[in-house]
>>> print(open('coords-v1.txt').read())   # compact mmCIF, C-alpha atoms
# COMPACT_ATOMS: atom_id res chain seq x y z
CA MET A 1 85.14 168.76 108.44
CA SER A 2 83.85 170.25 111.68
CA GLU A 3 83.60 168.08 114.77
CA VAL A 4 80.17 167.10 116.05
CA LYS A 5 79.88 166.22 119.71
CA VAL A 6 77.38 163.39 120.20
CA TYR A 7 78.19 162.51 123.80
CA GLU A 8 79.12 164.83 126.62
CA ARG A 9 79.12 165.05 130.39
CA PRO A 10 75.68 165.98 131.77
CA LYS A 11 75.54 169.47 133.24
CA SER A 12 74.03 168.14 136.46
CA TRP A 13 76.91 165.67 136.96
CA THR A 14 79.20 167.11 139.63
CA PRO A 15 82.27 168.66 137.94
CA ASP A 16 85.70 167.04 138.33
CA VAL A 17 84.40 163.89 140.03
CA SER A 18 85.12 160.38 138.78
CA SER A 19 83.04 157.31 139.60
CA HIS A 20 84.25 155.04 142.41
CA TYR A 21 82.01 152.12 141.43
CA CYS A 22 83.45 148.72 140.57
CA PRO A 23 84.00 147.96 136.86
CA GLY A 24 80.76 146.58 135.45
CA CYS A 25 78.53 148.11 138.13
CA GLY A 26 75.33 149.60 136.74
CA HIS A 27 75.07 152.43 139.27
CA GLY A 28 77.13 154.79 137.13
CA ILE A 29 74.87 154.19 134.14
CA ALA A 30 71.76 154.81 136.22
CA HIS A 31 73.30 157.99 137.67
CA ARG A 32 73.93 159.30 134.18
CA LEU A 33 70.35 158.60 133.12
CA VAL A 34 69.07 160.57 136.11
CA CYS A 35 71.43 163.43 135.24
CA GLU A 36 70.37 163.46 131.60
CA THR A 37 66.74 163.55 132.69
CA ILE A 38 67.34 166.45 135.05
CA ASP A 39 69.17 168.36 132.31
CA GLU A 40 66.52 167.73 129.65
CA LEU A 41 63.67 168.72 131.95
CA GLY A 42 65.55 171.80 133.17
CA ILE A 43 64.95 171.02 136.84
CA GLN A 44 68.45 171.04 138.34
CA ASN A 45 67.70 173.96 140.66
CA GLU A 46 64.30 172.54 141.65
CA THR A 47 65.39 168.94 142.39
CA ILE A 48 66.06 167.40 145.79
CA GLY A 49 67.47 163.89 145.95
CA VAL A 50 67.32 161.55 148.92
CA ALA A 51 70.13 159.03 149.21
CA SER A 52 69.83 156.01 151.46
CA VAL A 53 72.41 153.53 152.78
CA GLY A 54 74.49 151.20 150.62
CA CYS A 55 76.36 151.73 147.36
CA SER A 56 73.48 153.95 146.30
CA ALA A 57 74.36 156.42 149.06
CA MET A 58 77.25 157.74 146.99
CA ILE A 59 74.90 159.35 144.47
CA TYR A 60 75.17 162.69 146.26
CA ASP A 61 78.84 162.82 145.23
CA TYR A 62 77.88 162.73 141.56
CA ILE A 63 74.61 164.57 140.96
CA TYR A 64 74.88 168.33 141.38
CA THR A 65 71.55 169.08 143.06
CA ASP A 66 70.40 169.45 146.64
CA PHE A 67 70.57 166.14 148.52
CA CYS A 68 69.54 164.72 151.86
CA GLU A 69 70.97 161.57 153.42
CA SER A 70 68.42 159.26 155.07
CA PRO A 71 68.80 156.39 157.54
CA HIS A 72 68.84 152.88 156.07
CA GLY A 73 65.58 152.19 154.25
CA ARG A 74 63.91 155.44 155.24
CA ALA A 75 64.41 157.40 152.02
CA PRO A 76 60.68 157.33 151.06
CA ALA A 77 59.75 158.66 154.50
CA VAL A 78 62.32 161.45 154.29
CA ALA A 79 61.23 162.24 150.72
CA THR A 80 57.61 162.38 151.87
CA GLY A 81 58.54 164.95 154.50
CA ILE A 82 60.48 167.07 152.02
CA LYS A 83 57.71 166.97 149.42
CA THR A 84 55.12 167.87 152.05
CA VAL A 85 56.91 171.05 153.12
CA ARG A 86 58.27 171.88 149.66
CA PRO A 87 55.62 170.74 147.17
CA ASP A 88 57.23 173.00 144.55
CA ARG A 89 60.34 170.79 144.46
CA VAL A 90 60.94 167.65 142.40
CA VAL A 91 61.88 165.02 144.99
CA PHE A 92 63.37 161.63 144.20
CA THR A 93 64.92 158.74 146.11
CA TYR A 94 67.69 156.48 144.89
CA GLN A 95 67.80 153.10 146.64
CA GLY A 96 69.21 149.60 146.36
CA ASP A 97 67.32 146.35 146.85
CA GLY A 98 68.80 145.58 150.27
CA ASP A 99 67.67 149.04 151.37
CA LEU A 100 64.26 149.38 149.74
CA ALA A 101 63.01 145.78 149.85
CA SER A 102 64.29 144.81 153.30
CA ILE A 103 64.56 147.35 156.11
CA GLY A 104 62.71 149.90 153.97
CA MET A 105 59.79 147.68 152.95
CA GLY A 106 57.33 149.50 155.19
CA GLU A 107 58.39 152.93 153.96
CA ILE A 108 58.09 152.14 150.27
CA VAL A 109 54.76 150.34 150.60
CA HIS A 110 53.13 153.18 152.51
CA ALA A 111 54.60 155.89 150.28
CA ALA A 112 53.06 154.04 147.33
CA ALA A 113 49.78 153.45 149.16
CA ARG A 114 49.47 157.20 149.84
CA ASN A 115 50.31 157.94 146.20
CA THR A 116 52.95 160.30 147.53
CA PRO A 117 54.07 162.49 144.59
CA ILE A 118 57.72 161.42 144.60
CA THR A 119 59.92 159.55 142.14
CA VAL A 120 61.73 156.40 143.26
CA ILE A 121 64.72 154.95 141.39
CA PHE A 122 65.18 151.40 142.68
CA ILE A 123 68.40 149.54 141.76
CA ASN A 124 67.96 145.76 141.97
CA ASN A 125 71.21 143.78 141.75
CA ALA A 126 69.92 140.87 143.83
CA ILE A 127 72.47 141.25 146.62
CA TYR A 128 73.75 143.54 149.36
CA GLY A 129 76.64 145.32 147.65
CA MET A 130 78.42 147.70 150.02
CA THR A 131 78.19 145.57 153.16
CA GLY A 132 79.80 142.42 151.82
CA GLY A 133 77.54 140.45 149.53
CA GLN A 134 74.87 139.17 151.89
CA MET A 135 71.61 137.68 150.63
CA ALA A 136 69.02 140.35 149.84
CA PRO A 137 65.23 140.02 149.56
CA THR A 138 65.76 139.91 145.80
CA THR A 139 68.52 137.25 145.74
CA LEU A 140 67.48 134.48 143.35
CA LEU A 141 66.85 130.88 144.34
CA GLY A 142 70.14 129.02 144.16
CA GLN A 143 72.16 132.24 144.00
CA LYS A 144 75.10 132.21 146.39
CA ALA A 145 75.80 134.98 148.87
CA THR A 146 77.94 135.33 151.98
CA THR A 147 74.93 134.53 154.18
CA CYS A 148 73.76 131.65 151.97
CA PRO A 149 77.00 130.13 150.62
CA LEU A 150 75.18 127.07 149.28
CA GLY A 151 72.62 129.20 147.44
CA ARG A 152 69.26 130.62 148.43
CA ASP A 153 66.87 127.91 149.55
CA ALA A 154 63.14 128.68 149.49
CA ALA A 155 62.47 126.34 152.41
CA VAL A 156 64.91 128.27 154.58
CA ASN A 157 64.99 131.78 153.14
CA GLY A 158 61.67 132.16 151.34
CA TYR A 159 61.29 133.35 147.77
CA PRO A 160 62.79 136.45 146.14
CA ILE A 161 60.43 139.41 146.31
CA ARG A 162 59.24 141.01 143.07
CA MET A 163 58.83 144.58 144.28
CA SER A 164 57.32 146.06 141.13
CA GLU A 165 54.63 143.40 140.96
CA LEU A 166 53.92 143.80 144.68
CA LEU A 167 53.53 147.60 144.54
CA ALA A 168 51.44 147.41 141.38
CA THR A 169 48.75 145.51 143.33
CA LEU A 170 48.08 148.61 145.43
CA PRO A 171 45.17 150.72 144.15
CA SER A 172 47.00 154.04 144.40
CA PRO A 173 50.47 154.15 142.80
CA GLY A 174 50.23 155.25 139.22
CA PHE A 175 53.50 154.34 137.48
CA VAL A 176 55.51 151.20 138.27
CA THR A 177 57.95 149.78 135.75
CA ARG A 178 61.03 147.55 135.52
CA VAL A 179 63.95 148.23 133.18
CA THR A 180 67.62 147.30 133.00
CA VAL A 181 70.98 148.79 132.01
CA ALA A 182 72.47 145.48 130.87
CA GLN A 183 72.85 146.45 127.19
CA PRO A 184 72.65 149.69 125.17
CA ARG A 185 69.23 148.81 123.73
CA TYR A 186 67.89 148.41 127.27
CA VAL A 187 69.58 151.61 128.48
CA THR A 188 67.54 153.63 125.98
CA ARG A 189 64.31 152.23 127.41
CA ALA A 190 65.52 152.80 130.96
CA LYS A 191 66.14 156.46 130.15
CA GLN A 192 62.61 156.82 128.79
CA ALA A 193 61.14 155.28 131.94
CA ILE A 194 63.17 157.47 134.29
CA LYS A 195 62.26 160.60 132.37
CA LYS A 196 58.58 159.64 132.45
CA ALA A 197 58.75 159.05 136.20
CA PHE A 198 60.12 162.55 136.76
CA GLN A 199 57.63 164.08 134.34
CA ASN A 200 54.78 162.38 136.20
CA GLN A 201 55.79 164.24 139.34
CA ILE A 202 56.13 167.54 137.52
CA ASP A 203 52.64 167.02 136.14
CA GLY A 204 51.28 166.32 139.64
CA LYS A 205 50.26 162.74 138.90
CA GLY A 206 51.61 161.10 142.04
CA PHE A 207 53.92 158.20 142.94
CA SER A 208 56.28 156.66 140.36
CA LEU A 209 58.81 153.86 140.76
CA VAL A 210 61.38 152.69 138.24
CA GLU A 211 63.05 149.39 139.13
CA VAL A 212 66.41 149.04 137.39
CA LEU A 213 67.97 145.59 137.09
CA SER A 214 71.69 146.04 137.52
CA SER A 215 74.84 144.02 138.13
CA CYS A 216 77.23 143.53 141.04
CA PRO A 217 80.23 141.74 139.50
CA THR A 218 82.33 141.99 142.66
CA ASN A 219 79.87 140.25 144.96
CA TRP A 220 78.63 137.93 142.22
CA GLY A 221 82.24 136.84 141.68
CA MET A 222 82.14 137.58 137.94
CA ARG A 223 83.88 139.73 135.37
CA ALA A 224 81.98 142.77 134.13
CA VAL A 225 80.81 141.37 130.79
CA GLU A 226 79.93 138.02 132.36
CA SER A 227 77.83 139.76 135.01
CA PHE A 228 75.63 141.51 132.46
CA ASP A 229 75.20 138.25 130.57
CA TRP A 230 74.14 136.55 133.81
CA LEU A 231 71.69 139.37 134.52
CA ILE A 232 70.00 138.78 131.17
CA SER A 233 69.99 134.97 131.39
CA SER A 234 69.16 134.55 135.09
CA MET A 235 67.60 137.71 136.52
CA MET A 236 65.34 138.79 133.68
CA PRO A 237 63.33 135.53 133.53
CA TYR A 238 62.39 135.98 137.20
CA TYR A 239 62.19 139.78 137.05
CA PRO A 240 60.62 140.45 133.63
CA LEU A 241 60.88 143.90 132.15
CA GLY A 242 57.77 145.93 131.53
CA VAL A 243 55.24 148.44 132.82
CA PHE A 244 53.14 147.02 135.64
CA LYS A 245 51.01 150.07 136.26
CA ASP A 246 50.57 153.42 134.57
CA PHE A 247 48.58 156.61 134.97
CA ASP A 248 47.56 156.50 131.30
>>> encode(input="coords-v1.txt", output="structure tokens")
Amino acid sequence: MSEVKVYERPKSWTPDVSSHYCPGCGHGIAHRLVCETIDELGIQNETIGVASVGCSAMIYDYIYTDFCESPHGRAPAVATGIKTVRPDRVVFTYQGDGDLASIGMGEIVHAAARNTPITVIFINNAIYGMTGGQMAPTTLLGQKATTCPLGRDAAVNGYPIRMSELLATLPSPGFVTRVTVAQPRYVTRAKQAIKKAFQNQIDGKGFSLVEVLSSCPTNWGMRAVESFDWLISSMMPYYPLGVFKDFD
């Protein structure tokens, strides 16, 4: 019987590089979905990624396309500049919640308001990962972090920000959706959303954002499997999956 390969390394994944992410981190899964999308659309030589600051910054080590590093939170602004001077390129940003929803709030809101034709992959793990587990704008009420060791308190810290819902209220952005990589059945849907977001840009439709609920077992203080279970039981009720706005 001949062998049939059903799973292989994406061609746009940098050769001979292994992931540095913590066991149970969803970044590696999200990276692969972006790579698979690039391969399937045949756009490796036309794609420019913009990495920001945080764990997400390491994406340029793994995806074998042109990349530009931006200051913290400024990836949408840098991507806007690239797309303006090279409208023939497929430009995407890859950002975490501490980056996009905090210091980068202004950049993402105005990129969406302009309907800038870029694709944004937004990883929401409800905490600052690389810098030590501080409370992020998306940290849940009662969730503990190094800067709120007793748990997030709405009276002191305000409420977690639902970025997809917020951006979907703007009249201009065309595709805003939230997915997760917590289980295989959800990964399939996440792949479909990411591919659609890239296809939207290729078709000249405008701004697309895919929010990806992910895990941070190290800073959550959990084992890998436990962290994905917690994501489903605690994050998804507050951050429901679904399409909040679409071009169609």
>>> residues_around(input="coords-v1.txt", residues="Thr131 in chain A", least_positions_apart="3", cutoff="9 Å", atoms="all atoms listed in the file", output="JSON list (two decimals) with C-alpha atoms, in the coordinates of the input")
[["chain", "number", "residue", "atom", "x", "y", "z"],
["A", 54, "GLY", "CA", 74.49, 151.20, 150.62],
["A", 55, "CYS", "CA", 76.36, 151.73, 147.36],
["A", 128, "TYR", "CA", 73.75, 143.54, 149.36],
["A", 134, "GLN", "CA", 74.87, 139.17, 151.89]]
>>> residues_around(input="coords-v1.txt", residues="Gly129 in chain A", least_positions_apart="5", cutoff="10 Å", atoms="all atoms listed in the file", output="PDB file with C-alpha atoms, in the coordinates of the input")
ATOM      1  CA  GLY A  54      74.490 151.200 150.620  1.00  0.00           C
ATOM      2  CA  CYS A  55      76.360 151.730 147.360  1.00  0.00           C
ATOM      3  CA  SER A  56      73.480 153.950 146.300  1.00  0.00           C
ATOM      4  CA  GLY A  96      69.210 149.600 146.360  1.00  0.00           C
ATOM      5  CA  ASP A  97      67.320 146.350 146.850  1.00  0.00           C
ATOM      6  CA  GLY A  98      68.800 145.580 150.270  1.00  0.00           C
ATOM      7  CA  GLN A 134      74.870 139.170 151.890  1.00  0.00           C
ATOM      8  CA  MET A 135      71.610 137.680 150.630  1.00  0.00           C
ATOM      9  CA  ALA A 136      69.020 140.350 149.840  1.00  0.00           C
ATOM     10  CA  SER A 215      74.840 144.020 138.130  1.00  0.00           C
ATOM     11  CA  CYS A 216      77.230 143.530 141.040  1.00  0.00           C
ATOM     12  CA  PRO A 217      80.230 141.740 139.500  1.00  0.00           C
ATOM     13  CA  THR A 218      82.330 141.990 142.660  1.00  0.00           C
ATOM     14  CA  ASN A 219      79.870 140.250 144.960  1.00  0.00           C
ATOM     15  CA  TRP A 220      78.630 137.930 142.220  1.00  0.00           C
TER      16      TRP A 220
END
>>> closest_residue(input="coords-v1.txt", among="A:Pro149, A:Pro23, A:Pro10, A:Gly204", to="Cys35 in chain A", atoms="all atoms listed in the file")
A:Pro10
>>> residues_around(input="coords-v1.txt", residues="Thr14 in chain A", least_positions_apart="3", cutoff="12 Å", atoms="all atoms listed in the file", output="PyMOL selection string")
chain A and resi 9-11+17-19+31-32+35+44+59-66
>>> closest_atom_pairs(input="coords-v1.txt", of="range 10-70 of chain A", to="range 225-229 of chain A", cutoff="10 Å", atoms="all atoms listed in the file", output="Markdown table")
| residue | atom | partner | partner_atom | distance |
| --- | --- | --- | --- | --- |
| A:Pro23 | CA | A:Val225 | CA | 9.5 |
| A:Gly24 | CA | A:Val225 | CA | 7.0 |
| A:Cys25 | CA | A:Ser227 | CA | 8.9 |
| A:Gly26 | CA | A:Phe228 | CA | 9.2 |
>>> closest_residue(input="coords-v1.txt", among="A:Ile127, A:Leu141, A:Met222, A:Ile232", to="Ala155 in chain A", atoms="all atoms listed in the file")
A:Leu141
>>> atom_distance(input="coords-v1.txt", atom1="CA of Val156 in chain A", atom2="CA of Pro237 in chain A")
22.3 Å
>>> closest_residue(input="coords-v1.txt", among="A:Ser233, A:Gly73, A:Ser12, A:Pro173", to="Glu40 in chain A", atoms="all atoms listed in the file")
A:Ser12
>>> residues_around(input="coords-v1.txt", residues="Pro160 in chain A", least_positions_apart="6", cutoff="7 Å", atoms="all atoms listed in the file", output="tab-separated table (two decimals) with C-alpha atoms, keeping the file's coordinate frame")
chain	number	residue	atom	x	y	z
A	137	PRO	CA	65.23	140.02	149.56
A	138	THR	CA	65.76	139.91	145.80
A	139	THR	CA	68.52	137.25	145.74
A	140	LEU	CA	67.48	134.48	143.35
>>> residues_near_point(input="coords-v1.txt", point="(55.9, 165.7, 135.3)", cutoff="12 Å", atoms="only C-alpha atoms", output="list in words")
Thr37, Ile38, Leu41, Gly42, Ile43, Asp88, Arg89, Val90, Val91, Pro117, Ile118, Thr119, Phe175, Ile194, Lys195, Lys196, Ala197, Phe198, Gln199, Asn200, Gln201, Ile202, Asp203, Gly204, Lys205, Gly206, Phe207, Ser208 and Phe247 of chain A
>>> residues_around(input="coords-v1.txt", residues="Val120 in chain A", least_positions_apart="5", cutoff="8 Å", atoms="only C-alpha atoms", output="list in words")
Pro76, Phe92, Thr93, Tyr94, Gln95, Ser208, Leu209 and Val210 of chain A
>>> atom_distance(input="coords-v1.txt", atom1="CA of Val181 in chain A", atom2="CA of Ser102 in chain A")
22.7 Å
>>> atom_distance(input="coords-v1.txt", atom1="CA of Asn124 in chain A", atom2="CA of Ile161 in chain A")
10.8 Å
>>> closest_residue(input="coords-v1.txt", among="A:Lys191, A:His72, A:Lys144, A:Arg162", to="Val34 in chain A", atoms="only C-alpha atoms")
A:Lys191
>>> decode(input="coords-v1.txt", residues="range 135-157 of chain A", atoms="C-alpha atoms", output="PDB file, in the first residue's frame")
ATOM      1  CA  MET A 135      -3.406  42.836  32.908  1.00  0.00           C
ATOM      2  CA  ALA A 136      -4.409  43.610  29.325  1.00  0.00           C
ATOM      3  CA  PRO A 137      -7.449  45.518  28.035  1.00  0.00           C
ATOM      4  CA  THR A 138      -9.005  42.112  27.366  1.00  0.00           C
ATOM      5  CA  THR A 139      -8.295  40.537  30.795  1.00  0.00           C
ATOM      6  CA  LEU A 140     -11.560  39.189  32.196  1.00  0.00           C
ATOM      7  CA  LEU A 141     -13.232  40.394  35.374  1.00  0.00           C
ATOM      8  CA  GLY A 142     -11.813  38.412  38.271  1.00  0.00           C
ATOM      9  CA  GLN A 143      -8.911  37.108  36.199  1.00  0.00           C
ATOM     10  CA  LYS A 144      -5.598  37.424  38.010  1.00  0.00           C
ATOM     11  CA  ALA A 145      -2.528  39.048  36.493  1.00  0.00           C
ATOM     12  CA  THR A 146       0.741  40.412  37.838  1.00  0.00           C
ATOM     13  CA  THR A 147      -0.720  43.932  37.920  1.00  0.00           C
ATOM     14  CA  CYS A 148      -4.039  42.802  39.421  1.00  0.00           C
ATOM     15  CA  PRO A 149      -3.086  39.868  41.692  1.00  0.00           C
ATOM     16  CA  LEU A 150      -6.532  39.829  43.318  1.00  0.00           C
ATOM     17  CA  GLY A 151      -8.298  39.724  39.951  1.00  0.00           C
ATOM     18  CA  ARG A 152      -9.555  42.419  37.616  1.00  0.00           C
ATOM     19  CA  ASP A 153     -12.014  44.730  39.348  1.00  0.00           C
ATOM     20  CA  ALA A 154     -14.378  46.762  37.167  1.00  0.00           C
ATOM     21  CA  ALA A 155     -14.513  49.581  39.715  1.00  0.00           C
ATOM     22  CA  VAL A 156     -10.740  49.975  39.551  1.00  0.00           C
ATOM     23  CA  ASN A 157      -9.740  48.700  36.122  1.00  0.00           C
TER      24      ASN A 157
END
